[in-house]
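A short write-up of the structure that comes next.
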Amino acid sequence: MSSVLNTVLCSRLSRFSNANNNHLRVPTHSVSTPPALSFNRRRLTVRAADTDTNEVKSKAPDKAPVGGGSSFNQLLGIKGAAQETNKWKIRLQLTKPVTWPPLVWGVVCGAAASGNFHWNLEDVAKSVLCMIMSGPCLTGYTQTLNDWYDREIDAINEPYRPIPSGAISENEVISQIWLLLLGGLGIAGILDVWARHDTPTVFYLALGGSLLSYIYSAPPLKLKQNGWIGNFALGASYISLPWWAGQALFGTLTPDIIVLTLLYSIAGLGIAIVNDFKSIEGDKALGLQSLPVAFGAETAKWICVGAIDITQLSVAGYLLGAGKPYYALALLALIVPQVVFQFQYFLKDPVKYDVKYQASAQPFLVLGLLVTALATSH
């Protein structure tokens with residue numbers, strides 16, 4: 001469900017969260033389709049990379065400086081990571097654990113919005129299993145898949161990352177993608193059986209999210225090439241899908257909740273844009289139309305904060321109109337510090353202060369999600 005949502009609180013939170021590695025990267029094919037596509041696309045991309053890497057070799061050394069970076073950053077999968085030779089640590093790095101919390105929080109919000117979650121052992125166990133599905137499994141799948149298809153652009157922007165540096169082999173990456181995908185889908189099926197669903201709603205959500213993650217990162221569609229579509233897909237992956245899974249697990253997913261969470265995903269679009277600024281050079285080189293590339297950094301940063309703030313103000317207005325003024329006021333109170341941090345950090349320099357801004361402002365946004373979830377449950 002992440003699967004398809006920092007592609008994650010960082011995208012990139014893989015570009016939604018990538019937490020500054022790339023963010024994310026939310027059904028016409030069967031699950032068996034990706035293998036053939038993945039295999040063929042991999043060959044095509046490798047051939048295309050022959051030219052790209054020749055152009056980049058003069059710009060970036062083959063190996064990272066020895067002794068630099070943080071081991072903690074390496075385990076979280078964010079920039080400033082130390083070079084690692086332990087394959088299990090590298091595998092964990094590819095899943096970008098720093099992008100898991102938004103998905104876990106989304107499950108919490110969905111469970112709260114259902115109005116049927118109870119603090120007993122069974123419900124807690126269900127929610128934890130749903131969090132594992134959404135975070136480590138399907139977000140890990142999304143982030144690993146995104147890094148695989150981003151290996152040429154990473155050779156320009158971050159040549160020391162595991163895949164472009166050769167720290168992990170092609171076969172190891174592809175096997176990890178499949179293991180995480182099938183593990184996530186398997187857990188989704190178990191949750192449907194556990195919840196006694198007549199229709200396997202959680203499985204369908206997981207399958208749809210996984211497909212969205214694939215078309216977000218992989219050609220020929222590669223949604224991330226378009227700043228608007230790609231970032232909205234990323235936002236929906238990180239906000240809507242885990243919320244829907246949590247709510248479907250404990251209650252009924254209603255049309256008004258679907259619309260409300262998709263509206264909130266516009267704020268997710270804004271968060272995803274935050275992670276695009278650090279990749280402008282590589283995006284230009286490979287023809288990716290991220291919003292900073294398409295509109296310029298100055299305009300894009302205002303689009304970013306506008307998407308985040310206007311969305312939350314709209315949700316507060318919805319809650320007020322629904323006769324829930326106290327929840328609306330609580331949400332407004334959580335928007336104020338976000339605006340302060342936008343002017344203090346992000347609008348000054350979106351590249352220099354991207355991490356500091358996200359660490360400062362995003363906790364208030366995710367608390368706003370919970371306020372909205374609690375409002376819809378009463």
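Just remember, in the structure tokens the first chain shown is A, the second B, etc., residues are 1-based per chain, and ligands are 1-based in the order shown.
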task: Write out as a list of chain:residue names the residues lying within 6 Å of range 164-167 of chain A, counting only C-alpha atoms and excluding same-chain residues fewer than 5 positions away.
output: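 That gives A:Arg151, A:Ala155, A:Pro159.
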Residue subset to file, keeping N, CA and C atoms, as a PDB file, in the first residue's frame:
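Okay, again33.pdb is ready:
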```
ATOM      1  N   ARG A 151      18.058   3.562 -11.532  1.00  0.00           N
ATOM      2  CA  ARG A 151      19.497   3.384 -11.405  1.00  0.00           C
ATOM      3  C   ARG A 151      20.303   4.311 -12.309  1.00  0.00           C
ATOM      4  N   ALA A 155      22.795   7.211 -10.903  1.00  0.00           N
ATOM      5  CA  ALA A 155      24.196   7.285 -11.323  1.00  0.00           C
ATOM      6  C   ALA A 155      24.631   8.731 -11.521  1.00  0.00           C
ATOM      7  N   PRO A 159      25.544   8.521  -7.159  1.00  0.00           N
ATOM      8  CA  PRO A 159      26.212   7.345  -7.736  1.00  0.00           C
ATOM      9  C   PRO A 159      26.682   6.330  -6.704  1.00  0.00           C
TER      10      PRO A 159
END
```
query: What lies within 8 Å of range 336-348 of chain A using only C-alpha atoms, ignoring chain neighbours under 2 positions off, as an NGL selection string?
result: :A and (301-302 or 305 or 309 or 332-334 or 350-351 or 353-354 or 356-357 or 360-362 or 364-365)
- request: Would you list, as a PyMOL selection string, the residues of range 127-209 of chain A that end up in helix (DSSP H, G or I) under DSSP run on this structure's backbone?
  value: chain A and resi 127-149+151-157+162-165+170-194+201-209
message: What does the structure give for the distance between CA of Gly270 in chain A and CA of Cys304 in chain A, in Å to one decimal?
response: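 If I compute the distance from CA of Gly270 in chain A to CA of Cys304 in chain A, I get 4.3 Å.
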message: Would you pick out the contacts of Val108 in chain A at 8 Å or less, using only C-alpha atoms, so that residues sharing its chain but fewer than 2 positions from it are not included, and give the list as JSON, numbers by chain?
response: {"A": [104, 105, 106, 110, 111, 112, 127, 243, 246, 370]}
- request: Take CA of Trp119 in chain A and CA of Ala195 in chain A and report the distance between them in Å, one decimal.
  value: 15.9 Å
field: Polymer residues at most 8 Å from Cys130 in chain A, only C-alpha atoms, same-chain spacing of 2 or more positions, as a list in words
entry: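 The residues satisfying every condition are Val107, Lys126, Ser127, Val128, Ile132, Met133, Ser134, Ile187, Ala188, Leu191, Ala245 and Gly246 of chain A.
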Could those selected residues go to a file with C-alpha atoms, as a PDB file, in the first residue's frame?
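Saved to selection23.pdb:
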```pdb
ATOM      1  CA  VAL A 107      -3.413   2.125   8.841  1.00  0.00           C
ATOM      2  CA  LYS A 126      -4.746  -7.503  12.991  1.00  0.00           C
ATOM      3  CA  SER A 127      -3.592  -3.907  12.864  1.00  0.00           C
ATOM      4  CA  VAL A 128       0.074  -4.843  13.403  1.00  0.00           C
ATOM      5  CA  ILE A 132       3.698  -4.994   8.274  1.00  0.00           C
ATOM      6  CA  MET A 133       1.932  -5.496   4.953  1.00  0.00           C
ATOM      7  CA  SER A 134       1.757  -1.760   4.241  1.00  0.00           C
ATOM      8  CA  ILE A 187      -0.541 -11.079   4.152  1.00  0.00           C
ATOM      9  CA  ALA A 188      -3.404  -9.143   2.505  1.00  0.00           C
ATOM     10  CA  LEU A 191      -6.177 -10.394   6.649  1.00  0.00           C
ATOM     11  CA  ALA A 245      -6.808  -0.892   4.146  1.00  0.00           C
ATOM     12  CA  GLY A 246      -7.128  -0.074   7.849  1.00  0.00           C
TER      13      GLY A 246
END
```
field: Distance query range 282-291 of chain A at most 9 Å, only C-alpha atoms, self and fewer than 4 positions along chain excluded, as number ranges by chain
entry: A: 52, 152-157, 224-228, 230-231, 273, 276-278, 295-297, 299-301, 303
field: Distance criterion (only C-alpha atoms): nearest to Pro242 in chain A out of A:Ser217, A:Ser70, A:Asn116, A:Ser265
entry: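 Once distances to Pro242 in chain A are computed over only C-alpha atoms, the minimum belongs to A:Ser265.
Closest to Gly208 in chain A among A:Leu138, A:Ala373, A:Ile174, A:Leu263 is A:Leu138, based on only C-alpha atoms.
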statement: The distance between CA of Ile215 in chain A and CA of Ala272 in chain A is 16.7 Å
Do you know which residues are at most 8 Å from Phe232 in chain A counting only C-alpha atoms, after dropping those on the same chain fewer than 2 positions away, and could you put them as a short mmCIF file (atom, residue, chain, number, x, y, z; two decimals) with all heavy atoms, in the first residue's frame?
```cif
data_model
loop_
_atom_site.label_atom_id
_atom_site.label_comp_id
_atom_site.auth_asym_id
_atom_site.auth_seq_id
_atom_site.Cartn_x
_atom_site.Cartn_y
_atom_site.Cartn_z
N TRP A 228 2.76 16.11 -12.15
CA TRP A 228 1.43 16.15 -11.57
C TRP A 228 0.90 14.75 -11.28
O TRP A 228 0.52 14.42 -10.15
CB TRP A 228 0.45 16.89 -12.48
CG TRP A 228 0.75 18.34 -12.66
CD1 TRP A 228 1.24 18.96 -13.76
CD2 TRP A 228 0.56 19.38 -11.68
NE1 TRP A 228 1.38 20.31 -13.55
CE2 TRP A 228 0.95 20.60 -12.28
CE3 TRP A 228 0.10 19.39 -10.37
CZ2 TRP A 228 0.90 21.81 -11.61
CZ3 TRP A 228 0.04 20.60 -9.69
CH2 TRP A 228 0.44 21.80 -10.30
N ILE A 229 0.87 13.92 -12.32
CA ILE A 229 0.29 12.57 -12.17
C ILE A 229 1.12 11.73 -11.22
O ILE A 229 0.60 11.06 -10.32
CB ILE A 229 0.18 11.88 -13.54
CG1 ILE A 229 -0.76 12.68 -14.46
CG2 ILE A 229 -0.32 10.45 -13.38
CD1 ILE A 229 -0.81 12.16 -15.88
N GLY A 230 2.44 11.76 -11.40
CA GLY A 230 3.32 10.94 -10.58
C GLY A 230 3.24 11.29 -9.10
O GLY A 230 3.13 10.41 -8.25
N LEU A 234 1.80 9.13 -5.94
CA LEU A 234 2.63 8.90 -4.76
C LEU A 234 1.89 9.32 -3.50
O LEU A 234 1.88 8.60 -2.49
CB LEU A 234 3.92 9.71 -4.90
CG LEU A 234 5.03 9.41 -3.91
CD1 LEU A 234 5.47 7.96 -4.01
CD2 LEU A 234 6.21 10.33 -4.14
N GLY A 235 1.23 10.48 -3.55
CA GLY A 235 0.48 10.94 -2.39
C GLY A 235 -0.65 9.99 -2.03
O GLY A 235 -0.89 9.71 -0.85
N ALA A 236 -1.35 9.50 -3.04
CA ALA A 236 -2.44 8.55 -2.78
C ALA A 236 -1.90 7.25 -2.18
O ALA A 236 -2.55 6.64 -1.32
CB ALA A 236 -3.19 8.25 -4.08
N SER A 265 -4.83 13.40 -0.48
CA SER A 265 -3.68 12.97 -1.27
C SER A 265 -3.07 14.12 -2.07
O SER A 265 -1.92 14.03 -2.51
CB SER A 265 -4.08 11.83 -2.22
OG SER A 265 -4.50 10.70 -1.50
N ILE A 266 -3.83 15.19 -2.27
CA ILE A 266 -3.27 16.38 -2.91
C ILE A 266 -2.18 16.97 -2.02
O ILE A 266 -1.16 17.47 -2.50
CB ILE A 266 -4.35 17.41 -3.23
CG1 ILE A 266 -5.38 16.81 -4.19
CG2 ILE A 266 -3.75 18.68 -3.82
CD1 ILE A 266 -6.58 17.71 -4.47
N GLY A 268 -0.41 15.11 -0.15
CA GLY A 268 0.67 14.16 -0.40
C GLY A 268 1.45 14.52 -1.65
O GLY A 268 2.67 14.34 -1.72
N LEU A 269 0.75 15.03 -2.67
CA LEU A 269 1.40 15.52 -3.88
C LEU A 269 2.41 16.61 -3.52
O LEU A 269 3.54 16.62 -4.00
CB LEU A 269 0.36 16.05 -4.86
CG LEU A 269 0.83 16.65 -6.19
CD1 LEU A 269 -0.24 16.45 -7.26
CD2 LEU A 269 1.13 18.14 -6.08
#
```
field: Nearest-residue call for Ala206 in chain A, choices A:Val193, A:Lys324, A:Gly183, A:Ser377, using only C-alpha atoms
entry: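 Ranking A:Val193, A:Lys324, A:Gly183, A:Ser377 by distance to Ala206 in chain A, first place goes to A:Gly183.
Residue nearest Tyr214 in chain A, chosen from A:Ile190, A:Leu180, A:Gly140, A:Asn146 and counting only C-alpha atoms: A:Asn146.
Checking A:Tyr264, A:Tyr141, A:Tyr326, A:Trp148 one by one against Leu92 in chain A, counting only C-alpha atoms, you find the shortest gap at A:Tyr141.
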statement: One residue among A:Leu369, A:Ile239, A:Val124, A:Val293 is nearest to Gln312 in chain A when using only C-alpha atoms, and that residue is A:Leu369
With a distance cut-off of 12 Å and only C-alpha atoms, select the neighbouring residues of Arg196 in chain A, excluding the residue or stretch itself and same-chain residues fewer than 6 positions from it, and output the selection as a tab-separated table (two decimals) with N, CA and C atoms, in the first residue's frame.
```
chain	number	residue	atom	x	y	z
A	189	GLY	N	-4.19	-11.34	1.81
A	189	GLY	CA	-5.15	-12.43	1.75
A	189	GLY	C	-5.47	-12.99	3.13
A	190	ILE	N	-4.45	-13.13	3.96
A	190	ILE	CA	-4.66	-13.63	5.33
A	190	ILE	C	-5.57	-12.68	6.11
A	202	VAL	N	-9.06	-6.13	1.17
A	202	VAL	CA	-7.68	-5.77	1.49
A	202	VAL	C	-6.73	-6.29	0.41
A	248	ALA	N	-11.06	-0.78	5.87
A	248	ALA	CA	-11.71	-1.98	5.34
A	248	ALA	C	-11.50	-3.18	6.26
A	249	LEU	N	-10.36	-3.22	6.94
A	249	LEU	CA	-10.07	-4.34	7.82
A	249	LEU	C	-11.02	-4.38	9.02
A	250	PHE	N	-11.38	-3.20	9.53
A	250	PHE	CA	-12.19	-3.15	10.75
A	250	PHE	C	-13.63	-2.68	10.52
A	251	GLY	N	-13.91	-2.15	9.33
A	251	GLY	CA	-15.25	-1.63	9.09
A	251	GLY	C	-15.59	-1.66	7.62
```
